[in-house]
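Trainee: This is the content of start.cif (mmCIF, C-alpha atoms and all ligand atoms):
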data_upload
#
loop_
_atom_site.label_atom_id
_atom_site.label_comp_id
_atom_site.auth_asym_id
_atom_site.auth_seq_id
_atom_site.Cartn_x
_atom_site.Cartn_y
_atom_site.Cartn_z
CA MET A 1 -10.60 -15.12 -0.53
CA ILE A 2 -12.35 -11.74 -0.55
CA GLU A 3 -14.22 -11.27 -3.79
CA LEU A 4 -15.98 -8.03 -4.61
CA ARG A 5 -18.27 -8.15 -7.60
CA ASN A 6 -19.56 -4.96 -9.22
CA ILE A 7 -19.93 -3.08 -5.97
CA ILE A 8 -21.80 0.19 -6.27
CA LYS A 9 -22.28 2.39 -3.24
CA THR A 10 -24.34 5.55 -3.53
CA TYR A 11 -24.85 7.85 -0.56
CA GLU A 12 -27.83 10.16 -0.49
CA THR A 13 -27.80 13.18 1.76
CA LYS A 14 -30.26 16.05 1.52
CA GLY A 15 -31.33 14.98 -1.94
CA GLN A 16 -27.72 14.91 -3.16
CA LYS A 17 -26.28 11.69 -4.50
CA VAL A 18 -22.63 10.72 -4.15
CA GLU A 19 -21.44 7.63 -5.98
CA ALA A 20 -18.60 6.58 -3.69
CA LEU A 21 -18.03 3.24 -5.45
CA LYS A 22 -18.74 2.61 -9.12
CA GLU A 23 -18.80 -1.03 -10.22
CA PHE A 24 -15.82 -1.95 -8.10
CA SER A 25 -14.64 -5.51 -8.67
CA PHE A 26 -11.58 -7.16 -7.19
CA ASN A 27 -10.30 -10.46 -5.91
CA PHE A 28 -8.11 -10.15 -2.83
CA LYS A 29 -5.76 -13.11 -2.64
CA LYS A 30 -5.48 -15.26 0.48
CA GLY A 31 -2.37 -14.65 2.55
CA GLU A 32 -1.42 -11.48 0.69
CA ILE A 33 -1.13 -7.91 1.83
CA THR A 34 -3.00 -5.74 -0.65
CA GLY A 35 -2.55 -2.00 -0.48
CA ILE A 36 -5.15 0.50 -1.63
CA ILE A 37 -3.97 3.98 -2.48
CA GLY A 38 -5.95 6.93 -3.77
CA TYR A 39 -6.64 10.59 -3.08
CA SER A 40 -9.07 11.77 -0.45
CA GLY A 41 -12.63 10.97 -1.48
CA ALA A 42 -11.65 8.15 -3.86
CA GLY A 43 -13.87 5.74 -1.92
CA LYS A 44 -11.23 3.77 -0.02
CA SER A 45 -12.86 3.76 3.42
CA THR A 46 -16.25 3.06 1.88
CA LEU A 47 -14.75 0.07 0.11
CA LEU A 48 -13.15 -1.25 3.28
CA ARG A 49 -16.41 -0.98 5.19
CA CYS A 50 -18.22 -2.81 2.38
CA ILE A 51 -15.92 -5.80 2.86
CA ASN A 52 -17.49 -6.61 6.23
CA LEU A 53 -20.87 -5.05 5.38
CA LEU A 54 -20.49 -2.29 7.96
CA GLU A 55 -21.57 -0.36 4.88
CA ILE A 56 -24.21 -2.10 2.78
CA PRO A 57 -23.44 -1.81 -0.94
CA SER A 58 -26.24 -0.33 -3.05
CA SER A 59 -25.66 -3.25 -5.41
CA GLY A 60 -23.10 -5.95 -6.07
CA GLU A 61 -21.83 -8.90 -4.09
CA VAL A 62 -19.23 -9.47 -1.37
CA LEU A 63 -18.00 -13.04 -1.09
CA ILE A 64 -15.65 -14.27 1.62
CA ASN A 65 -14.25 -17.73 0.99
CA GLY A 66 -17.02 -18.20 -1.57
CA VAL A 67 -19.85 -17.27 0.81
CA GLU A 68 -21.97 -14.32 -0.19
CA LEU A 69 -22.32 -12.11 2.89
CA ASN A 70 -25.69 -10.75 1.83
CA SER A 71 -27.17 -14.24 2.02
CA LEU A 72 -26.28 -14.63 5.72
CA THR A 73 -28.62 -14.15 8.68
CA GLN A 74 -27.71 -11.40 11.16
CA LYS A 75 -26.32 -14.02 13.55
CA GLU A 76 -24.20 -15.66 10.83
CA LEU A 77 -22.95 -12.25 9.72
CA ARG A 78 -21.91 -11.42 13.30
CA GLU A 79 -19.92 -14.66 13.45
CA LYS A 80 -18.32 -13.93 10.08
CA ARG A 81 -17.38 -10.41 11.18
CA LYS A 82 -15.50 -11.79 14.16
CA LYS A 83 -13.10 -13.31 11.66
CA ILE A 84 -12.46 -9.90 10.09
CA GLY A 85 -10.41 -7.59 12.33
CA MET A 86 -10.23 -3.83 11.81
CA ILE A 87 -7.57 -1.27 12.66
CA PHE A 88 -8.15 2.48 12.49
CA GLN A 89 -6.14 5.66 12.10
CA HIS A 90 -7.19 7.02 15.50
CA PHE A 91 -7.03 3.62 17.21
CA ASN A 92 -10.63 3.79 18.59
CA LEU A 93 -9.67 2.47 22.03
CA MET A 94 -11.94 2.71 25.05
CA LYS A 95 -10.37 5.40 27.23
CA SER A 96 -11.82 4.19 30.53
CA ARG A 97 -10.50 0.64 30.15
CA THR A 98 -7.00 -0.71 30.55
CA VAL A 99 -4.99 -2.21 27.69
CA TYR A 100 -5.95 -5.65 29.02
CA LYS A 101 -9.68 -4.84 29.04
CA ASN A 102 -9.57 -3.23 25.59
CA ILE A 103 -8.12 -6.42 24.14
CA ALA A 104 -10.57 -8.54 26.13
CA TYR A 105 -13.59 -6.65 24.78
CA PRO A 106 -14.10 -8.55 21.49
CA LEU A 107 -13.81 -11.86 23.38
CA LYS A 108 -17.06 -11.14 25.24
CA GLY A 109 -19.58 -13.79 24.37
CA SER A 110 -16.89 -15.90 22.70
CA GLY A 111 -17.68 -18.85 24.96
CA LEU A 112 -14.09 -18.93 26.25
CA SER A 113 -13.54 -19.39 30.00
CA LYS A 114 -11.89 -16.66 32.09
CA VAL A 115 -8.66 -18.66 32.14
CA GLU A 116 -8.71 -19.13 28.37
CA ILE A 117 -9.38 -15.43 27.81
CA ASP A 118 -6.50 -14.54 30.13
CA LYS A 119 -4.20 -16.88 28.23
CA ARG A 120 -5.27 -15.42 24.88
CA ILE A 121 -4.74 -11.83 26.01
CA ASN A 122 -1.29 -12.63 27.36
CA GLU A 123 -0.36 -14.27 24.05
CA LEU A 124 -1.52 -11.18 22.19
CA LEU A 125 0.33 -8.82 24.54
CA GLU A 126 3.47 -10.85 23.93
CA LEU A 127 2.93 -10.78 20.14
CA VAL A 128 2.54 -6.99 19.98
CA GLY A 129 5.27 -6.35 22.56
CA LEU A 130 3.14 -4.74 25.28
CA LYS A 131 3.37 -7.18 28.19
CA ASP A 132 4.49 -4.48 30.58
CA LYS A 133 1.59 -2.18 29.66
CA LYS A 134 -1.34 -4.41 30.33
CA ASN A 135 -2.65 -2.37 33.25
CA SER A 136 -2.05 1.02 31.61
CA TYR A 137 -4.82 3.19 30.23
CA PRO A 138 -4.78 4.44 26.61
CA SER A 139 -3.93 7.99 27.76
CA GLN A 140 -0.69 6.62 29.23
CA LEU A 141 0.47 5.18 25.90
CA SER A 142 2.30 6.59 22.87
CA GLY A 143 0.61 6.54 19.45
CA GLY A 144 2.56 3.46 18.37
CA GLN A 145 1.67 1.64 21.60
CA LYS A 146 -2.01 2.54 21.13
CA GLN A 147 -1.92 1.08 17.63
CA ARG A 148 -0.34 -2.09 19.02
CA VAL A 149 -3.32 -2.39 21.35
CA GLY A 150 -5.58 -1.83 18.33
CA ILE A 151 -3.79 -4.64 16.51
CA ALA A 152 -4.00 -7.02 19.49
CA ARG A 153 -7.72 -6.26 19.80
CA ALA A 154 -8.22 -6.90 16.07
CA LEU A 155 -6.48 -10.26 16.45
CA ALA A 156 -8.41 -11.38 19.55
CA ASN A 157 -10.82 -13.66 17.69
CA LYS A 158 -8.09 -15.14 15.47
CA PRO A 159 -9.31 -13.47 12.29
CA ASP A 160 -8.45 -14.60 8.75
CA ILE A 161 -8.58 -11.03 7.51
CA ILE A 162 -7.46 -7.68 8.87
CA LEU A 163 -8.66 -4.42 7.35
CA CYS A 164 -6.49 -1.37 8.08
CA ASP A 165 -7.79 2.12 7.38
CA GLU A 166 -4.85 4.54 7.47
CA ALA A 167 -3.42 2.56 10.39
CA THR A 168 -0.14 4.48 10.39
CA SER A 169 -1.25 7.94 9.27
CA ALA A 170 -1.16 9.38 12.79
CA LEU A 171 2.32 8.01 13.54
CA ASP A 172 5.83 9.33 13.00
CA PRO A 173 7.98 7.63 10.32
CA GLU A 174 9.94 5.44 12.72
CA THR A 175 6.85 4.24 14.58
CA THR A 176 5.17 3.67 11.21
CA VAL A 177 7.95 1.29 10.21
CA SER A 178 7.66 -0.64 13.49
CA ILE A 179 3.88 -1.02 13.08
CA LEU A 180 4.30 -2.13 9.46
CA LYS A 181 6.85 -4.72 10.58
CA LEU A 182 4.35 -6.01 13.12
CA LEU A 183 1.65 -6.28 10.43
CA LYS A 184 4.07 -8.15 8.17
CA LYS A 185 4.90 -10.55 11.01
CA ILE A 186 1.20 -11.20 11.59
CA ASN A 187 0.73 -11.81 7.88
CA LYS A 188 3.67 -14.20 7.64
CA GLU A 189 3.38 -16.07 10.93
CA LEU A 190 -0.39 -16.24 11.30
CA GLY A 191 -1.25 -16.26 7.59
CA VAL A 192 -3.68 -13.35 8.00
CA THR A 193 -4.81 -11.70 4.76
CA ILE A 194 -4.44 -7.93 5.06
CA VAL A 195 -6.12 -5.10 3.17
CA LEU A 196 -4.43 -1.81 3.90
CA ILE A 197 -5.49 1.70 2.93
CA THR A 198 -2.95 4.48 2.81
CA HIS A 199 -2.08 7.78 1.16
CA GLN A 200 1.62 6.97 1.23
CA MET A 201 3.52 4.96 -1.36
CA ASN A 202 6.24 4.49 1.24
CA VAL A 203 3.84 2.39 3.31
CA ILE A 204 2.87 0.32 0.26
CA LYS A 205 6.51 -0.19 -0.63
CA GLU A 206 7.36 -1.50 2.83
CA ILE A 207 4.92 -4.39 3.08
CA CYS A 208 2.43 -4.90 0.24
CA ASP A 209 2.34 -7.78 -2.22
CA SER A 210 -0.14 -6.14 -4.55
CA LEU A 211 -1.63 -2.74 -5.04
CA ILE A 212 -4.89 -1.14 -6.12
CA VAL A 213 -4.82 2.47 -7.23
CA MET A 214 -8.30 3.93 -6.74
CA LYS A 215 -9.79 6.97 -8.36
CA ASP A 216 -13.39 8.21 -8.20
CA GLY A 217 -14.76 4.90 -6.96
CA PHE A 218 -12.98 2.79 -9.58
CA VAL A 219 -9.93 0.57 -9.77
CA LYS A 220 -7.68 2.71 -11.94
CA GLU A 221 -4.71 0.34 -11.92
CA GLU A 222 -3.93 -2.85 -10.05
CA GLY A 223 -1.27 -5.52 -9.99
CA ASP A 224 1.77 -7.02 -8.40
CA ILE A 225 3.78 -4.46 -6.46
CA ILE A 226 7.00 -4.99 -8.40
CA ASP A 227 5.21 -4.66 -11.76
CA ILE A 228 3.55 -1.44 -10.69
CA PHE A 229 6.68 0.08 -9.19
CA SER A 230 8.80 -0.78 -12.22
CA ASN A 231 6.23 -0.12 -14.93
CA PRO A 232 3.32 2.08 -13.82
CA LYS A 233 0.80 2.69 -16.58
CA GLU A 234 -1.64 5.30 -15.34
CA ALA A 235 -0.79 8.95 -14.73
CA ILE A 236 -2.17 8.82 -11.18
CA THR A 237 0.06 5.83 -10.35
CA LYS A 238 3.10 7.67 -11.72
CA LYS A 239 2.17 10.66 -9.62
CA PHE A 240 2.05 8.57 -6.44
CA LEU A 241 5.34 6.92 -7.36
CA SER A 242 7.10 10.19 -8.03
CA SER A 243 7.13 10.73 -4.25
CA VAL A 244 9.22 7.59 -3.90
CA PHE A 245 11.50 8.21 -6.84
CA ASN A 246 11.67 12.03 -6.57
CA ASN A 247 10.76 12.38 -10.26
CA ASP A 248 9.26 15.85 -9.95
CA LYS A 249 12.38 17.25 -8.33
CA ILE A 250 14.62 15.62 -10.92
CA TYR A 251 12.63 17.03 -13.83
CA ASN A 252 12.66 20.52 -12.29
CA TYR A 253 16.39 20.31 -11.77
CA LEU A 254 17.03 19.10 -15.33
CA GLU A 255 15.24 22.09 -16.80
CA ASN A 256 18.17 24.21 -15.70
CA VAL A 257 20.93 21.82 -16.71
CA ALA A 258 22.66 22.96 -19.90
CA ILE A 259 23.87 20.19 -22.22
CA LYS A 260 26.01 20.21 -25.31
CA THR A 261 25.05 18.96 -28.80
CA ASN A 262 26.94 15.70 -28.30
CA GLU A 263 25.16 14.93 -25.02
CA LYS A 264 21.85 13.40 -24.01
CA VAL A 265 20.28 12.95 -20.60
CA ILE A 266 18.68 9.52 -20.37
CA LYS A 267 16.49 7.91 -17.76
CA LEU A 268 17.26 4.26 -17.14
CA ALA A 269 14.98 2.01 -15.14
CA TYR A 270 15.54 -1.63 -14.34
CA VAL A 271 14.29 -4.47 -12.19
CA GLY A 272 16.20 -7.19 -10.39
CA ASN A 273 19.40 -8.66 -11.71
CA ALA A 274 19.89 -6.02 -14.40
CA ALA A 275 21.45 -4.16 -11.49
CA GLU A 276 24.23 -6.66 -11.12
CA GLU A 277 25.65 -6.27 -14.62
CA ALA A 278 28.10 -3.48 -15.18
CA TYR A 279 26.15 -1.96 -18.07
CA ILE A 280 27.41 1.56 -17.64
CA SER A 281 31.05 0.56 -17.89
CA LYS A 282 30.25 -1.76 -20.81
CA ILE A 283 28.75 1.16 -22.70
CA SER A 284 31.83 3.26 -22.14
CA ARG A 285 34.07 0.45 -23.35
CA ASN A 286 32.05 -0.96 -26.24
CA PHE A 287 30.49 2.18 -27.67
CA ASN A 288 32.99 4.81 -26.65
CA VAL A 289 30.33 6.82 -24.82
CA ASP A 290 31.04 8.67 -21.59
CA ALA A 291 28.30 8.04 -19.06
CA SER A 292 27.98 10.10 -15.93
CA ILE A 293 25.28 9.43 -13.38
CA LEU A 294 23.32 12.55 -12.42
CA PHE A 295 20.83 10.81 -10.11
CA GLY A 296 20.41 7.33 -8.80
CA ASN A 297 17.64 5.77 -6.78
CA ILE A 298 17.43 2.10 -5.95
CA GLU A 299 14.52 0.73 -3.97
CA ILE A 300 14.46 -2.79 -2.62
CA ILE A 301 10.90 -4.03 -2.84
CA LYS A 302 10.15 -7.58 -1.76
CA GLU A 303 13.84 -8.35 -2.02
CA THR A 304 13.95 -7.13 -5.62
CA ALA A 305 15.98 -4.10 -6.64
CA ILE A 306 14.14 -1.49 -8.66
CA GLY A 307 16.51 1.11 -9.99
CA ASN A 308 15.95 4.50 -11.55
CA LEU A 309 18.98 6.31 -12.86
CA VAL A 310 19.39 9.57 -14.73
CA VAL A 311 22.56 9.43 -16.77
CA LYS A 312 24.28 11.87 -19.10
CA PHE A 313 25.70 10.24 -22.23
CA LYS A 314 28.39 12.01 -24.19
CA GLY A 315 29.72 10.85 -27.54
CA LEU A 316 28.95 10.50 -31.23
CA GLU A 317 25.24 10.42 -32.04
CA GLU A 318 25.45 6.96 -33.56
CA ASN A 319 27.30 5.59 -30.53
CA ILE A 320 24.76 7.04 -28.13
CA LEU A 321 21.88 5.54 -30.12
CA ASN A 322 23.65 2.17 -30.18
CA SER A 323 24.11 2.36 -26.42
CA ILE A 324 20.41 3.05 -25.91
CA HIS A 325 19.55 0.14 -28.18
CA TYR A 326 21.91 -2.14 -26.30
CA LEU A 327 20.37 -1.21 -22.95
CA SER A 328 16.82 -1.76 -24.24
CA GLN A 329 17.83 -5.18 -25.50
CA ASN A 330 18.98 -5.98 -21.99
CA ASN A 331 15.58 -5.16 -20.48
CA ILE A 332 16.53 -1.74 -19.26
CA TYR A 333 13.89 0.89 -19.82
CA THR A 334 15.34 3.96 -21.51
CA GLU A 335 13.86 7.38 -22.07
CA VAL A 336 15.61 10.44 -23.46
CA LEU A 337 14.83 13.28 -21.07
CA LYS A 338 16.98 15.88 -22.73
CA ASP A 339 18.68 15.87 -26.12
CA GLY A 340 21.55 18.26 -26.81
CA ARG A 341 20.86 18.14 -30.56
CA LYS A 342 17.35 19.44 -30.00
CA THR A 343 18.25 22.36 -27.83
CA ILE A 344 20.05 24.25 -30.62
N1 LIG A 401 -21.77 8.42 5.26
C1 LIG A 401 -21.64 9.14 4.15
N2 LIG A 401 -22.64 9.91 3.68
C2 LIG A 401 -22.52 10.63 2.54
N3 LIG A 401 -21.42 10.62 1.77
C3 LIG A 401 -20.37 9.88 2.17
C4 LIG A 401 -20.42 9.10 3.40
N4 LIG A 401 -19.24 8.46 3.53
C5 LIG A 401 -18.49 8.83 2.48
N5 LIG A 401 -19.16 9.67 1.65
C6 LIG A 401 -18.67 10.25 0.38
O1 LIG A 401 -18.20 9.19 -0.43
C7 LIG A 401 -16.99 9.55 -1.10
C8 LIG A 401 -15.90 8.55 -0.73
O2 LIG A 401 -15.60 8.69 0.66
P1 LIG A 401 -14.54 7.78 1.41
O3 LIG A 401 -14.58 8.16 2.85
O4 LIG A 401 -14.77 6.36 1.08
O5 LIG A 401 -13.18 8.28 0.74
P2 LIG A 401 -11.67 7.94 1.12
O6 LIG A 401 -11.01 7.52 -0.13
O7 LIG A 401 -11.61 7.04 2.27
O8 LIG A 401 -11.10 9.39 1.52
P3 LIG A 401 -9.99 9.78 2.65
O9 LIG A 401 -8.67 9.47 2.03
O10 LIG A 401 -10.20 11.25 2.83
O11 LIG A 401 -10.26 9.00 3.90
C9 LIG A 401 -16.71 10.98 -0.69
O12 LIG A 401 -17.17 11.83 -1.70
C10 LIG A 401 -17.49 11.16 0.59
O13 LIG A 401 -17.90 12.49 0.75
MG MG A 402 -10.89 7.21 4.24
#
Written as structure tokens, how would this file's structure read?
Ligand SMILES: Nc1ncnc2c1ncn2[C@@H]1O[C@H](COP(=O)(O)OP(=O)(O)OP(=O)(O)O)[C@@H](O)[C@H]1O
Ligand SMILES: [Mg+2]

Mentor:
Amino acid sequence: MIELRNIIKTYETKGQKVEALKEFSFNFKKGEITGIIGYSGAGKSTLLRCINLLEIPSSGEVLINGVELNSLTQKELREKRKKIGMIFQHFNLMKSRTVYKNIAYPLKGSGLSKVEIDKRINELLELVGLKDKKNSYPSQLSGGQKQRVGIARALANKPDIILCDEATSALDPETTVSILKLLKKINKELGVTIVLITHQMNVIKEICDSLIVMKDGFVKEEGDIIDIFSNPKEAITKKFLSSVFNNDKIYNYLENVAIKTNEKVIKLAYVGNAAEEAYISKISRNFNVDASILFGNIEIIKETAIGNLVVKFKGLEENILNSIHYLSQNNIYTEVLKDGRKTI
């Protein structure tokens, strides 16, 4: 759908060079919501702007549905861009125009009649839930309502793709969820492919199908959202995920937890139906190990449970080791966080 091949983008200001993108390659799948996360300066916005050539890559190719954008004439590129909507953090609405006129703006020169434009705008107002606000001005709207106008405007030309740059960063958590739900609805019902930049794993978790973790202009890690949430490989990915799973706080807390020689603190992580089996009680019964849960966190991501538990095992060394082995055999990730035998 959107194919980026070896994109390099170098900015030059006052003789200083900044390589914002370094050989960035990725294939965004049709109909998916792909999230891009990374620290400030990683090159996320640059990347997004390269997708519709608002930013011209220094080298590399951008292909949309197999067509290389660089090969298009200005007129063809303008047409292509109409099929790529954009949504911004600060909404970028025109203050002196009503909601209706803001949404109408991209339909200028579309060849549609006044009646057709009116019909289209009313459909969009209905879709984003702003029918009663069509004659309001942006200053009379809340942040969430402004972003709904931004979304309606982005959808005006029936795009195949929507690019969102920090679309929810200026919104409170509740409004964020409602905007993410709207984006998901647009993705599902209209089949729009969405590329979404954010700093927050919580946003990714809510709606993305796949994820790119960016660092210094590169793809550091990428993959299916469930794979990354259940088995992150890179340190930066783990760092982003620790905000979801509270890992840092747990590790700090554990430092001060005293354990006895016949105890171990174990982290257990599992995906999907491993949650339904009563493994903890089986361990107690079969291996004569006492298991007490210190922390538990279960996230439901794309209807799949991803669990992270921190459990204290108490019993004979051999029994504890057998329990760990048994869990591993049942596809439960195990990691000894603290070992009573090693603290003496
Ligand atoms: N127009 C520009 N001229 C010069 N340098 C730029 C320009 N735009 C971006 N950069 C530089 O390119 C790098 C990547 O910037 P970019 O805005 O893509 O990062 P980002 O990941 O979107 O960051 P943030 O999360 O803060 O929005 C930064 O070092 C930035 O200073
Ligand atoms: Mg940015």

Trainee: Using all atoms listed in the file for the distances, tell me which of A:Gly109, A:Gly35, A:Gly41, A:Gly340 is nearest to ligand MG 402 (chain A).

Mentor: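 Among the listed residues, the smallest separation from ligand MG 402 (chain A) belongs to A:Gly41.
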
Trainee: Distance table requested - chain A against ligand MG 402 (chain A), cut-off 8 Å, all atoms listed in the file: one row per qualifying residue with the closest atom pair and its distance in Å to one decimal, ordered by chain and rising residue number, as a Markdown table.

Mentor:
| residue | atom | partner | partner_atom | distance |
| --- | --- | --- | --- | --- |
| A:Ser40 | CA | A:MG402 | MG | 6.8 |
| A:Gly41 | CA | A:MG402 | MG | 7.1 |
| A:Gly43 | CA | A:MG402 | MG | 7.0 |
| A:Lys44 | CA | A:MG402 | MG | 5.5 |
| A:Ser45 | CA | A:MG402 | MG | 4.1 |
| A:Thr46 | CA | A:MG402 | MG | 7.2 |
| A:Asp165 | CA | A:MG402 | MG | 6.7 |
| A:Glu166 | CA | A:MG402 | MG | 7.4 |
| A:Ile197 | CA | A:MG402 | MG | 7.8 |

Trainee: Would you save the residues from that selection as a short mmCIF file (atom, residue, chain, number, x, y, z; two decimals), keeping the file's coordinate frame, using C-alpha atoms?

Mentor:
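File result-v1.cif, as written:
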data_model
loop_
_atom_site.label_atom_id
_atom_site.label_comp_id
_atom_site.auth_asym_id
_atom_site.auth_seq_id
_atom_site.Cartn_x
_atom_site.Cartn_y
_atom_site.Cartn_z
CA SER A 40 -9.07 11.77 -0.45
CA GLY A 41 -12.63 10.97 -1.48
CA GLY A 43 -13.87 5.74 -1.92
CA LYS A 44 -11.23 3.77 -0.02
CA SER A 45 -12.86 3.76 3.42
CA THR A 46 -16.25 3.06 1.88
CA ASP A 165 -7.79 2.12 7.38
CA GLU A 166 -4.85 4.54 7.47
CA ILE A 197 -5.49 1.70 2.93
#

Trainee: To check your reading of the model: which residues sit at most 12 Å from ligand LIG 401 (chain A) when counting all atoms listed in the file? Write the answer as a VMD selection string.

Mentor: chain A and resid 8 to 22 36 to 50 54 to 57 88 to 89 164 to 167 169 196 to 200 213 to 219

Trainee: Please list as a ChimeraX atom specification every residue within 8 Å of Gly296 of chain A, counting only C-alpha atoms and excluding residues in the same chain fewer than 2 positions away.

Mentor: /A:293-294,298,307-310

Trainee: Restricting the calculation to only C-alpha atoms, which member of A:Lys338, A:Asp224, A:Asn52, A:Met201 is positioned closest to Ile236 of chain A?

Mentor: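 Checking each of A:Lys338, A:Asp224, A:Asn52, A:Met201 against Ile236 of chain A, counting only C-alpha atoms, the winner is A:Met201.
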
Trainee: Excluding Val192 of chain A and its own-chain neighbours fewer than 5 positions away, which residues fall within 10 Å of it when counting all atoms listed in the file? Please give them as a PyMOL selection string.

Mentor: chain A and resi 30-33+84-85+155+158-162+183-187

Trainee: Would you work out the distance separating atom CA of Lys131 of chain A from atom CA of Glu189 of chain A, expressed in Å to one decimal?

Mentor: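 Distance between the two atoms: 19.4 Å.
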
Trainee: Could you list, as an MDAnalysis selection string, every residue within 6 Å of segment 260-264 of chain A, counting all atoms listed in the file and ignoring same-chain residues fewer than 4 positions away?

Mentor: chainID A and resid 312:315 338:341

Trainee: Closest to Leu180 of chain A among A:Val128, A:Ile228, A:Ile300, A:Ala235, using only C-alpha atoms?

Mentor: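 So, comparing all the options, the nearest one is A:Val128.
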
Trainee: So that I can see what lies close to Ser139 of chain A, please list as a CSV table (one decimal) with C-alpha atoms, in the coordinates of the input the residues with an atom at most 12 Å from it, counting only C-alpha atoms and leaving out residues fewer than 6 positions away in the same chain.

Mentor:
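Full text of result_26.csv as output:
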chain,number,residue,atom,x,y,z
A,91,PHE,CA,-7.0,3.6,17.2
A,93,LEU,CA,-9.7,2.5,22.0
A,94,MET,CA,-11.9,2.7,25.0
A,95,LYS,CA,-10.4,5.4,27.2
A,96,SER,CA,-11.8,4.2,30.5
A,97,ARG,CA,-10.5,0.6,30.2
A,98,THR,CA,-7.0,-0.7,30.6
A,99,VAL,CA,-5.0,-2.2,27.7
A,133,LYS,CA,1.6,-2.2,29.7
A,145,GLN,CA,1.7,1.6,21.6
A,146,LYS,CA,-2.0,2.5,21.1

Trainee: So how many Å separate atom CA of Lys239 of chain A and atom CA of Leu327 of chain A, to one decimal?

Mentor: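 Here the two named atoms are 25.5 Å from each other.
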
Trainee: I'd like to know which of A:Asn6, A:Asn297, A:Thr175, A:Asn122 is closest to Arg153 of chain A, using all atoms listed in the file.

Mentor: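 Answer, going by the shortest atom-to-atom distance: A:Asn122.
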
Trainee: Can you measure atom CA of Lys267 of chain A to atom CA of Ile324 of chain A for me? One decimal in Å is fine.

Mentor: 10.3 Å

Trainee: Please, which residues are within 12 Å of (-0.2, -8.5, 24.7) by the file's coordinates, counting all atoms listed in the file, and could they come as a ChimeraX atom specification?

Mentor: /A:98-104,117-136,145-146,148-156

Trainee: Take the selection from the previous step and output its residues with C-alpha atoms, as a compact mmCIF listing (two decimals), in the frame of the given file.

Mentor:
# COMPACT_ATOMS: atom_id res chain seq x y z
CA THR A 98 -7.00 -0.71 30.55
CA VAL A 99 -4.99 -2.21 27.69
CA TYR A 100 -5.95 -5.65 29.02
CA LYS A 101 -9.68 -4.84 29.04
CA ASN A 102 -9.57 -3.23 25.59
CA ILE A 103 -8.12 -6.42 24.14
CA ALA A 104 -10.57 -8.54 26.13
CA ILE A 117 -9.38 -15.43 27.81
CA ASP A 118 -6.50 -14.54 30.13
CA LYS A 119 -4.20 -16.88 28.23
CA ARG A 120 -5.27 -15.42 24.88
CA ILE A 121 -4.74 -11.83 26.01
CA ASN A 122 -1.29 -12.63 27.36
CA GLU A 123 -0.36 -14.27 24.05
CA LEU A 124 -1.52 -11.18 22.19
CA LEU A 125 0.33 -8.82 24.54
CA GLU A 126 3.47 -10.85 23.93
CA LEU A 127 2.93 -10.78 20.14
CA VAL A 128 2.54 -6.99 19.98
CA GLY A 129 5.27 -6.35 22.56
CA LEU A 130 3.14 -4.74 25.28
CA LYS A 131 3.37 -7.18 28.19
CA ASP A 132 4.49 -4.48 30.58
CA LYS A 133 1.59 -2.18 29.66
CA LYS A 134 -1.34 -4.41 30.33
CA ASN A 135 -2.65 -2.37 33.25
CA SER A 136 -2.05 1.02 31.61
CA GLN A 145 1.67 1.64 21.60
CA LYS A 146 -2.01 2.54 21.13
CA ARG A 148 -0.34 -2.09 19.02
CA VAL A 149 -3.32 -2.39 21.35
CA GLY A 150 -5.58 -1.83 18.33
CA ILE A 151 -3.79 -4.64 16.51
CA ALA A 152 -4.00 -7.02 19.49
CA ARG A 153 -7.72 -6.26 19.80
CA ALA A 154 -8.22 -6.90 16.07
CA LEU A 155 -6.48 -10.26 16.45
CA ALA A 156 -8.41 -11.38 19.55

Trainee: In terms of the shortest atom-to-atom distance over only C-alpha atoms, which of A:Glu335, A:Lys342, A:Lys205, A:Leu53 is closest to Leu321 of chain A?

Mentor: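 Looking only at the distances to Leu321 of chain A, the closest residue turns out to be A:Glu335.
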
Trainee: Which of these, A:Thr34, A:Asn273, A:Ser25, A:Asn70, has the shortest distance to Val195 of chain A once you count all atoms listed in the file?

Mentor: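 For Val195 of chain A, the nearest of the given residues is A:Thr34.
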